[in-house]
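Notes for the one structure printed next.
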Amino acid sequence: MNRMKQAAAELASLSIYHGILNRTVPKALYRLLWADTKETFLNAWGEFFAVLCERESSENFAGHLTSTALYDENAFSLASAAGNVDFSSCMQAAVERDLEIILDLSRLTPDDLLQSCGFSDLPPLPCWETGEPVELLRGDAKTCAQQMAQYYQKNGCGMYARYRAFIWRDKRILPVAHPDKQRMNQLKGYEVQRQMAIDNTVAFLKGYPANNCLLYGDRGTGKSSTVKALLNEFYPQGLRVIEMPKEYLMDFPYLVDQIAEIPMKFIIFIDDLSFSQQDSTYAALKSVLQGGLAARPDNSLIYATSNRRHLLRESFSDREGDEVHQSDTIQESLSLADRFGLSINFMLPDKVRFLEIVDQLAYQHDLKEYIPLLESGAERWATIHGGRSPRVAQQYIRDAQAKLSLGKSLDD
């Protein structure tokens with residue numbers, strides 16, 4: 001059997017790692033290896049090279065192909081991620097065989113295929129560089145299998161190993177390719193509040209008791225940024241965040257079904273949470289937080305942000321209605337927030353604290369020599385741009401940076 005047909009048979013025979021054939025590059029390689037006419041061969045070659053270029057892998061084909069094994073979700077990777085390393089001899093042998101095949105395929109060169117394709121008078125074709133396999137797949141098959149098991153146990157598997165942030169949409173968990181890069185050290189002020197969120201998250205990651213968390217208070221104070229920063233600080237320890245828009249709260253049972261058996265820790269993030277009296281999702285969230293049949297699994301917590309402490313919009317007319325047991329209704333409307341075990345208040349800063357935040361941002365952005373000028377303009381900026389808040393302070397500092405970069409005065 002020639003090199004091309006041997007490689008085609010190997011790729012088709014993958015068992016545990018058969019799922020990599022659903023990935024773009026292995027799928028294109030599969031079509032190329034099985035091309036049986038000159039036309040299909042040339043089309044498949046062009047498509048394969050194009051997808052390599054799209055993924056910036058034309059100079060390291062081996063690195064890209066072997067990396068698909070890192071993110072494959074299969075019986076071996078799931079068990080390893082859950083800490084179960086006592087595999088049957090049959091599975092162990094299948095894993096080692098598949099890894100040997102993937103390594104062998106990663107050594108394919110353009111010349112291997114051109115010399116064994118059986119087609120003559122081919123036009124000049126673009127060629128890729130073979131490169132090197134990922135570090136975990138260097139060595140004999142047994143060593144590679146052990147290294148992969150350790151990788152899955154530390155990093156998870158499937159898309160949860162490749163991505164850290166996700167969003168719930170159309171009853172599916174979809175990865176966010178470019179999540180917000182917010183870090184804790186970029187956030188100024190509210191150290192006590194953020195430490196409460198950090199401590200709760202650390203307890204959760206270590207398997208200790210932890211609470212669902214409501215971050216509430218004035219706009220622009222960094223509530224959502226705190227959750228994003230938590231993800232970026234703790235994702236190496238297994239933390240993942242799934243943002244669930246409020247309008248999809250009725251889908252909560254579907255979401256938890258998809259993550260309950262995943263050996264990672266998940267924060268289900270609900271941003272800008274509030275309800276009207278007629279909102280059907282109010283009852284759904286209340287049930288989720290406490291007492292519903294579709295309770296959240298142990299590997300998840302709910303973190304929500306809101307500008308309202310009690311979440312439910314309420315008017316004076318609601319309290320003056322003609323209901324007989326009006327006090328019961330009022331208590332019902334206030335009870336949702338109480339079901340978050342941890343509530344953290346973010347209030348707008350006073351003038352002194354606002355200027356402290358401006359100063360801290362100035363130091364962070366190497367503008368300390370301009371602090372007197374920045375302080376004198378900060379109040380004026382806050383008055384024009386909606387009041388004092390960390391968000392307004394950041395906007396002010398960015399504006400100052402832009403002016404200085406353009407050679408303008410801060411007084412302009």
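In the structure tokens, chains take letters A, B, ... by order of appearance, with residues numbered from 1 within each chain and ligands from 1 in the order shown.
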Neighbour list for range 396-410 of chain A as a ChimeraX atom specification, cut-off 9 Å, only C-alpha atoms, skip fewer than 4 positions in-chain: /A:358,361-362,365,367,370,373-374,377-378,381-382,391-392
Near-range 219-227 of chain A list (10 Å; only C-alpha atoms; drop same-chain fewer than 6 positions) as number ranges by chain: A: 180-184, 186-190, 193-194, 197-198, 201, 233, 241, 267, 269-272, 303-308, 344-349, 386-394
